[in-house]
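Just work_13.cif here, mmCIF, C-alpha atoms (C1' of nucleotides):
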data_structure
#
loop_
_atom_site.label_atom_id
_atom_site.label_comp_id
_atom_site.auth_asym_id
_atom_site.auth_seq_id
_atom_site.Cartn_x
_atom_site.Cartn_y
_atom_site.Cartn_z
CA MET A 19 102.49 33.08 82.76
CA VAL A 20 105.05 34.19 80.26
CA ASN A 21 103.97 36.43 77.43
CA GLN A 22 103.56 34.29 74.34
CA GLN A 23 102.28 36.91 71.95
CA PHE A 24 105.41 36.89 69.84
CA THR A 25 105.38 33.10 69.49
CA PHE A 26 101.69 33.15 68.65
CA ALA A 27 102.22 35.89 66.09
CA VAL A 28 105.10 34.06 64.40
CA HIS A 29 102.96 30.93 64.31
CA ILE A 30 100.10 32.82 62.70
CA MET A 31 102.38 34.44 60.15
CA THR A 32 103.98 31.10 59.31
CA MET A 33 100.56 29.56 58.82
CA LEU A 34 99.53 32.36 56.47
CA ALA A 35 102.78 32.05 54.54
CA PHE A 36 102.43 28.28 54.33
CA ALA A 37 98.80 28.39 53.23
CA GLY A 38 99.38 31.15 50.69
CA GLU A 39 95.72 31.97 50.90
CA LYS A 40 93.23 33.68 53.17
CA LEU A 41 92.67 31.89 56.51
CA ASP A 42 90.05 32.72 59.10
CA SER A 43 90.69 33.20 62.80
CA ARG A 44 89.10 29.87 63.67
CA LYS A 45 91.56 27.89 61.56
CA LEU A 46 94.51 29.91 62.81
CA ALA A 47 93.37 29.45 66.39
CA ALA A 48 93.11 25.69 65.89
CA SER A 49 96.70 25.55 64.70
CA VAL A 50 98.01 27.69 67.55
CA ASN A 51 95.69 25.89 69.95
CA THR A 52 94.13 28.98 71.41
CA ASN A 53 90.94 31.01 71.13
CA PRO A 54 89.91 32.80 67.91
CA VAL A 55 89.59 36.07 69.79
CA VAL A 56 93.18 35.85 70.91
CA VAL A 57 94.17 35.35 67.28
CA ARG A 58 92.07 38.27 66.12
CA ARG A 59 93.73 40.54 68.64
CA LEU A 60 97.14 39.54 67.31
CA LEU A 61 95.93 39.96 63.72
CA GLN A 62 94.91 43.47 64.65
CA ALA A 63 98.47 44.23 65.72
CA LEU A 64 99.89 42.61 62.60
CA ARG A 65 97.45 44.58 60.48
CA ARG A 66 98.47 47.84 62.08
CA ALA A 67 102.04 46.97 61.20
CA GLY A 68 100.98 46.39 57.60
CA LEU A 69 101.98 42.74 57.62
CA VAL A 70 98.54 41.24 56.94
CA ALA A 71 95.31 42.33 55.32
CA THR A 72 91.97 41.18 56.68
CA ALA A 73 88.61 40.83 55.00
CA ALA A 74 85.56 41.10 57.26
CA GLY A 75 82.24 39.37 56.81
CA ARG A 76 81.36 36.01 55.39
CA HIS A 77 84.30 34.15 53.86
CA GLY A 78 86.51 36.70 55.52
CA GLY A 79 89.98 36.06 56.86
CA SER A 80 93.56 37.29 56.69
CA ARG A 81 96.47 36.95 54.31
CA LEU A 82 100.02 38.29 54.07
CA THR A 83 100.55 41.60 52.33
CA LYS A 84 103.94 40.62 50.92
CA GLY A 85 106.13 37.62 50.24
CA ALA A 86 107.52 35.58 53.13
CA ALA A 87 111.07 36.41 52.06
CA ARG A 88 110.37 40.08 52.65
CA ILE A 89 109.06 39.67 56.20
CA SER A 90 111.60 39.54 59.02
CA LEU A 91 110.89 38.30 62.51
CA LEU A 92 111.84 41.75 63.74
CA GLU A 93 108.83 43.20 61.97
CA ILE A 94 106.60 40.71 63.73
CA TYR A 95 108.34 41.44 67.02
CA ASP A 96 107.73 45.16 66.65
CA ALA A 97 104.15 44.57 65.59
CA VAL A 98 103.21 42.86 68.85
CA GLU A 99 105.38 45.15 71.01
CA PRO A 100 106.47 42.56 73.56
CA ARG A 101 107.75 43.51 76.99
CA PRO A 102 111.41 44.45 77.25
CA VAL A 103 113.87 41.58 77.29
CA ILE A 104 115.24 42.88 80.59
CA ALA A 105 112.87 44.59 83.00
CA ILE A 106 114.23 47.54 84.94
CA ASN A 107 113.25 48.50 88.45
CA ARG A 108 110.47 51.03 88.10
CA ARG A 109 110.20 52.09 91.71
CA GLN A 110 111.55 55.19 93.40
CA ALA A 111 115.27 55.31 94.11
CA ALA A 112 116.50 55.80 97.66
CA ARG A 113 117.65 59.42 97.57
CA THR A 114 120.34 58.94 100.15
CA CYS A 115 122.01 56.17 98.16
CA VAL A 116 124.28 57.05 95.23
CA VAL A 117 124.03 53.58 93.76
CA SER A 118 120.25 53.55 94.01
CA CYS A 119 120.01 56.93 92.29
CA ASN A 120 122.06 55.72 89.35
CA MET A 121 120.70 52.23 88.90
CA LYS A 122 117.84 53.16 86.60
CA ASP A 123 120.16 54.79 84.06
CA ILE A 124 122.71 52.03 84.39
CA MET A 125 120.22 49.22 83.92
CA SER A 126 118.44 51.05 81.10
CA CYS A 127 121.72 51.06 79.25
CA VAL A 128 122.26 47.35 79.85
CA ALA A 129 118.67 46.57 78.88
CA GLU A 130 118.88 48.60 75.68
CA GLY A 131 121.98 46.73 74.66
CA ALA A 132 120.27 43.41 75.26
CA GLU A 133 117.22 44.55 73.36
CA GLY A 134 119.42 45.60 70.46
CA ALA A 135 121.15 42.23 70.43
CA VAL A 136 117.81 40.43 70.21
CA ARG A 137 116.59 42.79 67.51
CA ARG A 138 119.67 42.23 65.38
CA HIS A 139 119.16 38.50 65.72
CA LEU A 140 115.51 38.68 64.68
CA ARG A 141 116.26 41.03 61.80
CA GLY A 142 118.43 38.32 60.30
CA ILE A 143 115.63 35.77 60.10
CA ASN A 144 112.76 35.96 57.63
CA LEU A 145 109.54 34.02 57.32
CA GLN A 146 110.70 32.12 54.27
CA GLN A 147 113.53 30.59 56.26
CA LEU A 148 111.03 29.33 58.81
CA LEU A 149 108.83 28.03 56.01
CA ARG A 150 111.66 25.94 54.68
CA LYS A 151 111.94 24.22 58.03
CA VAL A 152 108.27 23.35 57.91
CA LYS A 153 108.42 21.87 54.46
CA THR A 154 111.59 19.93 55.20
CA LYS A 155 110.17 18.06 58.10
CA PRO A 156 107.00 15.92 57.84
CA ALA A 157 104.50 16.19 60.68
CA ARG A 158 105.01 12.66 61.98
CA THR A 159 108.60 13.40 63.08
CA ALA A 160 107.52 15.98 65.64
CA ARG A 161 109.39 15.32 68.86
CA ALA A 162 108.15 15.06 72.41
CA ARG A 163 108.97 17.74 75.01
CA MET B 22 103.89 41.13 87.07
CA VAL B 23 107.19 41.47 85.31
CA ASN B 24 110.15 39.55 86.60
CA GLN B 25 112.71 41.97 88.04
CA GLN B 26 115.03 39.51 89.71
CA PHE B 27 117.92 40.21 87.38
CA THR B 28 117.67 43.96 87.90
CA PHE B 29 117.41 43.49 91.64
CA ALA B 30 120.40 41.16 91.62
CA VAL B 31 122.56 43.55 89.60
CA HIS B 32 121.56 46.34 91.96
CA ILE B 33 122.55 44.26 94.97
CA MET B 34 125.86 43.27 93.43
CA THR B 35 126.61 46.87 92.48
CA MET B 36 125.89 47.96 96.04
CA LEU B 37 128.22 45.33 97.43
CA ALA B 38 130.93 46.30 94.96
CA PHE B 39 130.48 49.98 95.75
CA ALA B 40 130.52 49.49 99.50
CA GLY B 41 133.50 47.17 99.43
CA GLU B 42 132.39 45.79 102.76
CA LYS B 43 129.79 43.53 104.29
CA LEU B 44 126.22 44.84 103.98
CA ASP B 45 123.13 43.36 105.62
CA SER B 46 119.87 42.58 103.85
CA ARG B 47 118.11 45.55 105.42
CA LYS B 48 120.51 48.07 103.91
CA LEU B 49 120.46 46.36 100.54
CA ALA B 50 116.66 46.24 100.60
CA ALA B 51 116.51 49.96 101.36
CA SER B 52 118.64 50.72 98.32
CA VAL B 53 116.63 48.46 96.00
CA ASN B 54 113.43 49.65 97.67
CA THR B 55 112.07 46.23 98.41
CA ASN B 56 111.72 43.83 101.32
CA PRO B 57 114.76 42.31 103.09
CA VAL B 58 113.36 38.82 102.54
CA VAL B 59 113.30 39.41 98.80
CA VAL B 60 116.94 40.44 99.00
CA ARG B 61 117.87 37.41 101.06
CA ARG B 62 116.29 35.11 98.52
CA LEU B 63 118.35 36.71 95.76
CA LEU B 64 121.47 36.53 97.92
CA GLN B 65 120.83 32.83 98.28
CA ALA B 66 120.93 32.46 94.48
CA LEU B 67 124.04 34.61 94.22
CA ARG B 68 125.65 32.58 97.00
CA ARG B 69 124.90 29.32 95.24
CA ALA B 70 126.61 30.78 92.16
CA GLY B 71 129.64 31.60 94.31
CA LEU B 72 129.37 35.35 93.75
CA VAL B 73 128.81 36.39 97.35
CA ALA B 74 129.59 35.07 100.80
CA THR B 75 127.22 35.58 103.67
CA ALA B 76 127.82 35.67 107.42
CA ALA B 77 124.91 34.77 109.66
CA GLY B 78 124.14 36.11 113.11
CA ARG B 79 124.75 39.50 114.67
CA HIS B 80 126.80 41.84 112.47
CA GLY B 81 126.18 39.42 109.67
CA GLY B 82 125.73 40.32 106.01
CA SER B 83 127.08 39.64 102.56
CA ARG B 84 130.12 40.62 100.52
CA LEU B 85 131.52 39.84 97.09
CA THR B 86 133.81 36.83 96.79
CA LYS B 87 135.96 38.43 94.08
CA GLY B 88 136.75 41.76 92.49
CA ALA B 89 134.14 43.65 90.53
CA ALA B 90 136.26 43.44 87.38
CA ARG B 91 136.06 39.67 87.51
CA ILE B 92 132.25 39.49 87.74
CA SER B 93 130.30 39.68 84.49
CA LEU B 94 126.61 40.41 84.26
CA LEU B 95 126.22 37.01 82.62
CA GLU B 96 127.27 35.36 85.87
CA ILE B 97 124.59 37.31 87.71
CA TYR B 98 122.09 36.46 84.98
CA ASP B 99 122.82 32.76 85.30
CA ALA B 100 122.71 32.95 89.07
CA VAL B 101 119.10 34.14 89.13
CA GLU B 102 118.01 31.97 86.19
CA PRO B 103 115.53 34.36 84.64
CA ARG B 104 112.81 33.21 82.26
CA PRO B 105 113.73 32.77 78.61
CA VAL B 106 114.00 35.95 76.58
CA ILE B 107 111.45 34.56 74.13
CA ALA B 108 108.73 32.26 75.44
CA ILE B 109 107.71 29.38 73.24
CA ASN B 110 104.22 27.92 72.99
CA ARG B 111 104.14 25.03 75.42
CA ARG B 112 100.78 23.61 74.51
CA GLN B 113 99.97 20.57 72.37
CA ALA B 114 100.38 20.95 68.63
CA ALA B 115 97.44 20.29 66.33
CA ARG B 116 98.36 16.90 64.88
CA THR B 117 96.59 17.52 61.60
CA CYS B 118 98.59 20.71 60.94
CA VAL B 119 102.12 20.47 59.57
CA VAL B 120 102.97 23.99 60.63
CA SER B 121 101.65 23.45 64.14
CA CYS B 122 103.68 20.25 64.51
CA ASN B 123 106.88 22.05 63.58
CA MET B 124 106.45 25.33 65.42
CA LYS B 125 107.96 24.21 68.69
CA ASP B 126 111.25 23.22 67.09
CA ILE B 127 111.27 26.27 64.87
CA MET B 128 110.62 28.71 67.71
CA SER B 129 113.03 26.94 70.02
CA CYS B 130 115.73 27.61 67.48
CA VAL B 131 114.79 31.28 67.20
CA ALA B 132 114.57 31.62 70.97
CA GLU B 133 117.95 29.99 71.52
CA GLY B 134 119.54 32.40 69.10
CA ALA B 135 118.00 35.35 70.91
CA GLU B 136 119.08 33.95 74.26
CA GLY B 137 122.61 33.58 72.94
CA ALA B 138 122.65 37.15 71.69
CA VAL B 139 121.63 38.45 75.11
CA ARG B 140 124.17 36.25 76.85
CA ARG B 141 127.00 37.47 74.65
CA HIS B 142 125.98 41.02 75.42
CA LEU B 143 125.92 40.44 79.17
CA ARG B 144 129.20 38.55 79.08
CA GLY B 145 130.85 41.69 77.75
CA ILE B 146 129.86 43.82 80.73
CA ASN B 147 131.43 43.51 84.17
CA LEU B 148 130.52 44.98 87.52
CA GLN B 149 133.45 47.36 87.52
CA GLN B 150 132.14 49.05 84.39
CA LEU B 151 128.83 49.66 86.13
CA LEU B 152 130.67 50.92 89.19
CA ARG B 153 132.45 53.53 87.11
CA LYS B 154 129.10 54.89 86.02
CA VAL B 155 128.04 55.25 89.63
CA LYS B 156 131.16 57.08 90.67
CA THR B 157 131.06 59.36 87.63
CA LYS B 158 127.66 60.70 88.33
CA PRO B 159 126.71 62.40 91.64
CA ALA B 160 123.35 61.50 93.11
CA ARG B 161 121.77 64.89 92.60
CA THR B 162 121.85 64.58 88.80
CA ALA B 163 119.55 61.56 88.78
CA ARG B 164 116.84 62.14 86.21
CA ALA B 165 113.12 61.78 86.54
CA ARG B 166 111.31 58.78 84.97
"C1'" DT C 4 125.00 32.78 129.56
"C1'" DA C 5 121.44 35.89 128.13
"C1'" DT C 6 120.45 39.25 124.87
"C1'" DT C 7 120.59 41.32 120.64
"C1'" DT C 8 120.81 41.32 115.86
"C1'" DC C 9 121.49 39.13 112.10
"C1'" DT C 10 120.26 35.13 108.42
"C1'" DG C 11 117.32 31.19 106.38
"C1'" DT C 12 113.14 29.78 104.97
"C1'" DA C 13 108.28 28.52 104.95
"C1'" DA C 14 103.75 30.14 104.50
"C1'" DT C 15 100.60 33.25 102.97
"C1'" DA C 16 98.68 37.53 101.09
"C1'" DA C 17 98.36 40.97 97.58
"C1'" DA C 18 99.18 42.79 93.13
"C1'" DT C 19 99.60 42.14 88.43
"C1'" DA C 20 99.68 39.99 83.95
"C1'" DC C 21 97.97 36.90 80.71
"C1'" DG C 22 95.05 34.23 78.09
"C1'" DA C 23 90.25 32.27 77.62
"C1'" DT C 24 85.74 33.14 77.10
"C1'" DT C 25 81.35 35.43 76.44
"C1'" DA C 26 78.71 38.71 74.21
"C1'" DC C 27 77.24 41.43 70.75
"C1'" DA C 28 77.55 44.93 67.01
"C1'" DT C 29 79.15 45.09 62.32
"C1'" DT C 30 80.36 43.45 57.78
"C1'" DT C 31 80.01 40.79 53.62
"C1'" DA C 32 78.78 36.99 50.51
"C1'" DA C 33 75.33 34.14 48.88
"C1'" DT D 8 67.54 37.98 54.45
"C1'" DT D 9 70.48 34.77 56.34
"C1'" DA D 10 74.85 32.74 57.42
"C1'" DA D 11 79.36 33.28 58.58
"C1'" DA D 12 82.86 35.94 59.31
"C1'" DT D 13 85.41 40.08 61.91
"C1'" DG D 14 86.04 43.85 65.75
"C1'" DT D 15 86.11 44.78 70.29
"C1'" DA D 16 84.72 45.38 75.08
"C1'" DA D 17 84.11 43.14 79.36
"C1'" DT D 18 84.91 39.73 82.55
"C1'" DC D 19 86.84 35.51 84.58
"C1'" DG D 20 90.30 32.26 86.09
"C1'" DT D 21 94.84 31.21 86.72
"C1'" DA D 22 99.80 31.86 86.94
"C1'" DT D 23 103.45 34.60 88.31
"C1'" DT D 24 105.74 37.75 91.10
"C1'" DT D 25 106.63 40.46 95.00
"C1'" DA D 26 105.51 41.72 99.85
"C1'" DT D 27 104.84 40.44 104.36
"C1'" DT D 28 104.62 37.73 108.53
"C1'" DA D 29 106.49 34.44 111.42
"C1'" DC D 30 109.79 31.97 113.60
"C1'" DA D 31 113.94 28.96 114.15
"C1'" DG D 32 118.91 29.19 114.10
"C1'" DA D 33 123.51 31.53 114.34
"C1'" DA D 34 126.92 34.64 116.05
"C1'" DA D 35 128.65 38.64 118.53
"C1'" DT D 36 128.74 40.88 122.83
"C1'" DA D 37 127.54 42.60 127.36
#
What is this structure when it is put down as structure tokens?
Amino acid sequence: MVNQQFTFAVHIMTMLAFAGEKLDSRKLAASVNTNPVVVRRLLQALRRAGLVATAAGRHGGSRLTKGAARISLLEIYDAVEPRPVIAINRRQAARTCVVSCNMKDIMSCVAEGAEGAVRRHLRGINLQQLLRKVKTKPARTARAR
Amino acid sequence: MVNQQFTFAVHIMTMLAFAGEKLDSRKLAASVNTNPVVVRRLLQALRRAGLVATAAGRHGGSRLTKGAARISLLEIYDAVEPRPVIAINRRQAARTCVVSCNMKDIMSCVAEGAEGAVRRHLRGINLQQLLRKVKTKPARTARAR
DNA sequence: TATTTCTGTAATAAATACGATTACATTTAA
DNA sequence: TTAAATGTAATCGTATTTATTACAGAAATA
């Protein structure tokens, strides 16, 4: 299964931005269609990144710590620390093969470039932009697929 | 387990470019440090993309169909069809939640942008550039990690 | 032509990653 | 004090990925 933590986290953040008030993990989980514990784990990561604040106990829940316009998708991306965009071969190189010995460095360079490209893309998008797309489109127009 | 097909494929292609001659799946597998069958499956994908030609039978093996300078990493990327850079939530949306109903479209847009950024990056790198890095650096200077 | 050495590919096993769930201690409001 | 939340560890089930085995087919060569 593909790692969906980033998607889940963006969904959670969008929900919090849209609601503009404290939401508990049960409500967030219902929207994402997953388990509250999964949401709480992601909220923990978002909290560590300073993006949300959480109140424990009765009537607890989480809210954003700053305005949606000031939160970029890159911040969310870094908060959940997803796997690299391009995985490199982690196993031992074949010592007798020049190519094999150099592949790790070569692919690391390629992977870093790709990672940077994704990061630049995400840095250019903020939560408020996503919010506008939610408000623009009523729920009943949701497409299949 | 993380998908390493792209890394494996680039390694294979770099080997073929470096060798400049037909190599069999056993030799390629030794360099990548994996099983010959894994290599043959990747060669099948590369063959379908027209990047390599394979001879069956005794003294068989694979070689590049064109010069390293004319093969971009994007072609290799497309040949192995890796998973999307950013996975989107595939499950049902919560019909009563406006945000939930819009998230798939919103994230698809974000994911497509990220995919495009990676593709542009890979399009700008060709096999010959990787080859130069191999030739520049002798095997004994390979670093740990 | 028989043998050897490759490839192609299916089938299956093993390792790993991911998300779901259960459980329970802790916190806070009422 | 109780109810309703969070925090977090532990475990399970499933999906994904790679490794391995097995064997049929192809081509070179003795």
So the first atom is CA of Phe39 in chain B and the second is CA of Lys122 in chain A; what is the distance between them in Å, to one decimal place?
15.9 Å
Least-squares fit of chain B onto chain A (C-alpha, ordered pairing) as an mmCIF file with C-alpha atoms, keeping the file's coordinate frame:
data_model
loop_
_atom_site.group_PDB
_atom_site.id
_atom_site.type_symbol
_atom_site.label_atom_id
_atom_site.label_comp_id
_atom_site.auth_asym_id
_atom_site.auth_seq_id
_atom_site.Cartn_x
_atom_site.Cartn_y
_atom_site.Cartn_z
ATOM 1 C CA MET B 22 101.822 33.991 83.118
ATOM 2 C CA VAL B 23 104.478 34.326 80.485
ATOM 3 C CA ASN B 24 103.822 36.511 77.501
ATOM 4 C CA GLN B 25 103.535 34.354 74.379
ATOM 5 C CA GLN B 26 102.258 36.937 71.946
ATOM 6 C CA PHE B 27 105.390 36.918 69.833
ATOM 7 C CA THR B 28 105.366 33.138 69.506
ATOM 8 C CA PHE B 29 101.680 33.167 68.677
ATOM 9 C CA ALA B 30 102.214 35.899 66.104
ATOM 10 C CA VAL B 31 105.088 34.078 64.406
ATOM 11 C CA HIS B 32 102.968 30.938 64.339
ATOM 12 C CA ILE B 33 100.098 32.811 62.721
ATOM 13 C CA MET B 34 102.357 34.432 60.157
ATOM 14 C CA THR B 35 103.990 31.101 59.341
ATOM 15 C CA MET B 36 100.568 29.548 58.833
ATOM 16 C CA LEU B 37 99.535 32.329 56.493
ATOM 17 C CA ALA B 38 102.787 32.033 54.564
ATOM 18 C CA PHE B 39 102.440 28.264 54.352
ATOM 19 C CA ALA B 40 98.827 28.356 53.238
ATOM 20 C CA GLY B 41 99.408 31.082 50.688
ATOM 21 C CA GLU B 42 95.737 31.925 50.887
ATOM 22 C CA LYS B 43 93.221 33.606 53.135
ATOM 23 C CA LEU B 44 92.687 31.828 56.468
ATOM 24 C CA ASP B 45 90.040 32.658 59.063
ATOM 25 C CA SER B 46 90.677 33.134 62.769
ATOM 26 C CA ARG B 47 89.116 29.790 63.641
ATOM 27 C CA LYS B 48 91.593 27.822 61.548
ATOM 28 C CA LEU B 49 94.527 29.852 62.796
ATOM 29 C CA ALA B 50 93.371 29.407 66.391
ATOM 30 C CA ALA B 51 93.143 25.646 65.900
ATOM 31 C CA SER B 52 96.740 25.531 64.714
ATOM 32 C CA VAL B 53 98.041 27.705 67.563
ATOM 33 C CA ASN B 54 95.719 25.890 69.962
ATOM 34 C CA THR B 55 94.138 28.976 71.400
ATOM 35 C CA ASN B 56 90.935 30.979 71.116
ATOM 36 C CA PRO B 57 89.904 32.732 67.868
ATOM 37 C CA VAL B 58 89.524 36.018 69.740
ATOM 38 C CA VAL B 59 93.136 35.823 70.859
ATOM 39 C CA VAL B 60 94.131 35.322 67.238
ATOM 40 C CA ARG B 61 92.007 38.221 66.066
ATOM 41 C CA ARG B 62 93.634 40.520 68.578
ATOM 42 C CA LEU B 63 97.066 39.539 67.283
ATOM 43 C CA LEU B 64 95.881 39.945 63.697
ATOM 44 C CA GLN B 65 94.825 43.453 64.597
ATOM 45 C CA ALA B 66 98.402 44.232 65.686
ATOM 46 C CA LEU B 67 99.843 42.600 62.585
ATOM 47 C CA ARG B 68 97.374 44.539 60.443
ATOM 48 C CA ARG B 69 98.359 47.822 62.038
ATOM 49 C CA ALA B 70 101.976 46.961 61.187
ATOM 50 C CA GLY B 71 100.919 46.371 57.580
ATOM 51 C CA LEU B 72 101.913 42.702 57.596
ATOM 52 C CA VAL B 73 98.491 41.217 56.930
ATOM 53 C CA ALA B 74 95.253 42.266 55.295
ATOM 54 C CA THR B 75 91.932 41.115 56.621
ATOM 55 C CA ALA B 76 88.562 40.718 54.914
ATOM 56 C CA ALA B 77 85.481 40.941 57.094
ATOM 57 C CA GLY B 78 82.185 39.147 56.639
ATOM 58 C CA ARG B 79 81.368 35.737 55.223
ATOM 59 C CA HIS B 80 84.374 33.968 53.689
ATOM 60 C CA GLY B 81 86.503 36.552 55.382
ATOM 61 C CA GLY B 82 89.973 35.987 56.813
ATOM 62 C CA SER B 83 93.529 37.218 56.647
ATOM 63 C CA ARG B 84 96.469 36.914 54.274
ATOM 64 C CA LEU B 85 100.006 38.248 54.066
ATOM 65 C CA THR B 86 100.509 41.576 52.314
ATOM 66 C CA LYS B 87 103.920 40.603 50.919
ATOM 67 C CA GLY B 88 106.131 37.611 50.287
ATOM 68 C CA ALA B 89 107.518 35.577 53.144
ATOM 69 C CA ALA B 90 111.076 36.426 52.107
ATOM 70 C CA ARG B 91 110.353 40.091 52.668
ATOM 71 C CA ILE B 92 109.025 39.686 56.227
ATOM 72 C CA SER B 93 111.577 39.556 59.033
ATOM 73 C CA LEU B 94 110.850 38.322 62.518
ATOM 74 C CA LEU B 95 111.803 41.782 63.751
ATOM 75 C CA GLU B 96 108.784 43.216 61.957
ATOM 76 C CA ILE B 97 106.558 40.712 63.730
ATOM 77 C CA TYR B 98 108.312 41.470 67.013
ATOM 78 C CA ASP B 99 107.683 45.182 66.628
ATOM 79 C CA ALA B 100 104.106 44.581 65.576
ATOM 80 C CA VAL B 101 103.193 42.876 68.848
ATOM 81 C CA GLU B 102 105.357 45.161 71.002
ATOM 82 C CA PRO B 103 106.464 42.611 73.559
ATOM 83 C CA ARG B 104 107.779 43.595 76.977
ATOM 84 C CA PRO B 105 111.437 44.547 77.252
ATOM 85 C CA VAL B 106 113.896 41.673 77.262
ATOM 86 C CA ILE B 107 115.292 42.925 80.567
ATOM 87 C CA ALA B 108 112.945 44.651 82.999
ATOM 88 C CA ILE B 109 114.324 47.567 84.941
ATOM 89 C CA ASN B 110 113.357 48.518 88.481
ATOM 90 C CA ARG B 111 110.615 51.093 88.140
ATOM 91 C CA ARG B 112 110.317 52.093 91.751
ATOM 92 C CA GLN B 113 111.676 55.191 93.494
ATOM 93 C CA ALA B 114 115.392 55.271 94.190
ATOM 94 C CA ALA B 115 116.640 55.733 97.740
ATOM 95 C CA ARG B 116 117.788 59.355 97.673
ATOM 96 C CA THR B 117 120.482 58.832 100.270
ATOM 97 C CA CYS B 118 122.136 56.057 98.227
ATOM 98 C CA VAL B 119 124.405 56.954 95.322
ATOM 99 C CA VAL B 120 124.150 53.505 93.815
ATOM 100 C CA SER B 121 120.369 53.472 94.067
ATOM 101 C CA CYS B 122 120.136 56.878 92.380
ATOM 102 C CA ASN B 123 122.187 55.674 89.433
ATOM 103 C CA MET B 124 120.794 52.191 88.930
ATOM 104 C CA LYS B 125 117.963 53.168 86.636
ATOM 105 C CA ASP B 126 120.273 54.793 84.109
ATOM 106 C CA ILE B 127 122.822 52.030 84.427
ATOM 107 C CA MET B 128 120.297 49.235 83.922
ATOM 108 C CA SER B 129 118.539 51.085 81.136
ATOM 109 C CA CYS B 130 121.812 51.089 79.270
ATOM 110 C CA VAL B 131 122.338 47.372 79.846
ATOM 111 C CA ALA B 132 118.751 46.607 78.882
ATOM 112 C CA GLU B 133 118.958 48.647 75.692
ATOM 113 C CA GLY B 134 122.051 46.765 74.652
ATOM 114 C CA ALA B 135 120.322 43.447 75.245
ATOM 115 C CA GLU B 136 117.253 44.629 73.366
ATOM 116 C CA GLY B 137 119.456 45.649 70.459
ATOM 117 C CA ALA B 138 121.166 42.275 70.409
ATOM 118 C CA VAL B 139 117.821 40.486 70.205
ATOM 119 C CA ARG B 140 116.579 42.839 67.513
ATOM 120 C CA ARG B 141 119.645 42.285 65.362
ATOM 121 C CA HIS B 142 119.136 38.563 65.711
ATOM 122 C CA LEU B 143 115.482 38.729 64.701
ATOM 123 C CA ARG B 144 116.228 41.077 61.827
ATOM 124 C CA GLY B 145 118.411 38.371 60.323
ATOM 125 C CA ILE B 146 115.612 35.817 60.132
ATOM 126 C CA ASN B 147 112.754 35.988 57.642
ATOM 127 C CA LEU B 148 109.531 34.056 57.336
ATOM 128 C CA GLN B 149 110.708 32.144 54.301
ATOM 129 C CA GLN B 150 113.545 30.620 56.301
ATOM 130 C CA LEU B 151 111.042 29.352 58.846
ATOM 131 C CA LEU B 152 108.847 28.059 56.045
ATOM 132 C CA ARG B 153 111.701 25.972 54.701
ATOM 133 C CA LYS B 154 111.976 24.259 58.055
ATOM 134 C CA VAL B 155 108.305 23.369 57.933
ATOM 135 C CA LYS B 156 108.471 21.916 54.465
ATOM 136 C CA THR B 157 111.652 19.979 55.228
ATOM 137 C CA LYS B 158 110.214 18.090 58.092
ATOM 138 C CA PRO B 159 107.051 15.929 57.811
ATOM 139 C CA ALA B 160 104.572 16.168 60.649
ATOM 140 C CA ARG B 161 105.093 12.656 61.931
ATOM 141 C CA THR B 162 108.673 13.373 63.033
ATOM 142 C CA ALA B 163 107.602 16.009 65.546
ATOM 143 C CA ARG B 164 109.350 15.313 68.825
ATOM 144 C CA ALA B 165 107.926 15.088 72.289
ATOM 145 C CA ARG B 166 108.467 17.939 74.802
#
Range 18-26 of chain D: which residues within 10 Å, counting all atoms listed in the file, same-chain residues fewer than 5 positions away excluded, as a ChimeraX atom specification?
/A:19-20 /B:22-26,55-59 /C:16-25
Separation of CA of Leu67 in chain B from CA of Asn147 in chain B in Å:
15.3 Å
Do me a favour and pick out the residues of chain A within 7 Å of chain D, using all atoms listed in the file, as a PyMOL selection string.
chain A and resi 19+74-78
Output as an NGL selection string the set of chain B residues within 8 Å of chain A, with distances taken over all atoms listed in the file.
:B and (23-25 or 27-29 or 32 or 35-36 or 39 or 51-54 or 106-110 or 112-116 or 118-124 or 127-128 or 131 or 134-136 or 138-139 or 142-143 or 151 or 154-155 or 158-160 or 163)
re CA of Ser80 in chain A and C1' of DA26 in chain C: distance 23.0 Å
Residues selected by the PyMOL selection byres ((chain A and resi 83) around 6), written as a PyMOL selection string:
chain A and resi 69-70+82+84
Please identify every residue of chain C that has at least one atom no farther than 6 Å from an atom of chain A, counting only C-alpha atoms (C1' of nucleotides), and for each give the shortest atom pair and the distance in Å to one decimal, arranged by chain then increasing number, as JSON lines.
{"residue": "C:DT30", "atom": "C1'", "partner": "A:Gly75", "partner_atom": "CA", "distance": 4.6}
{"residue": "C:DT31", "atom": "C1'", "partner": "A:Gly75", "partner_atom": "CA", "distance": 4.1}
{"residue": "C:DA32", "atom": "C1'", "partner": "A:Arg76", "partner_atom": "CA", "distance": 5.6}
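You can rank A:Ile94, A:Gln146, A:Gly68, A:Asp42 by their closest distance to Ala27 in chain A using all atoms listed in the file, and at the top of that list sits A:Ile94.
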Evaluate the PyMOL selection byres ((chain A and resi 87) around 6) here and jot the selected residues down as a list of chain:residue names.
A:Gly85, A:Ala86, A:Arg88, A:Ile89, A:Asn144, A:Leu145, A:Gln146
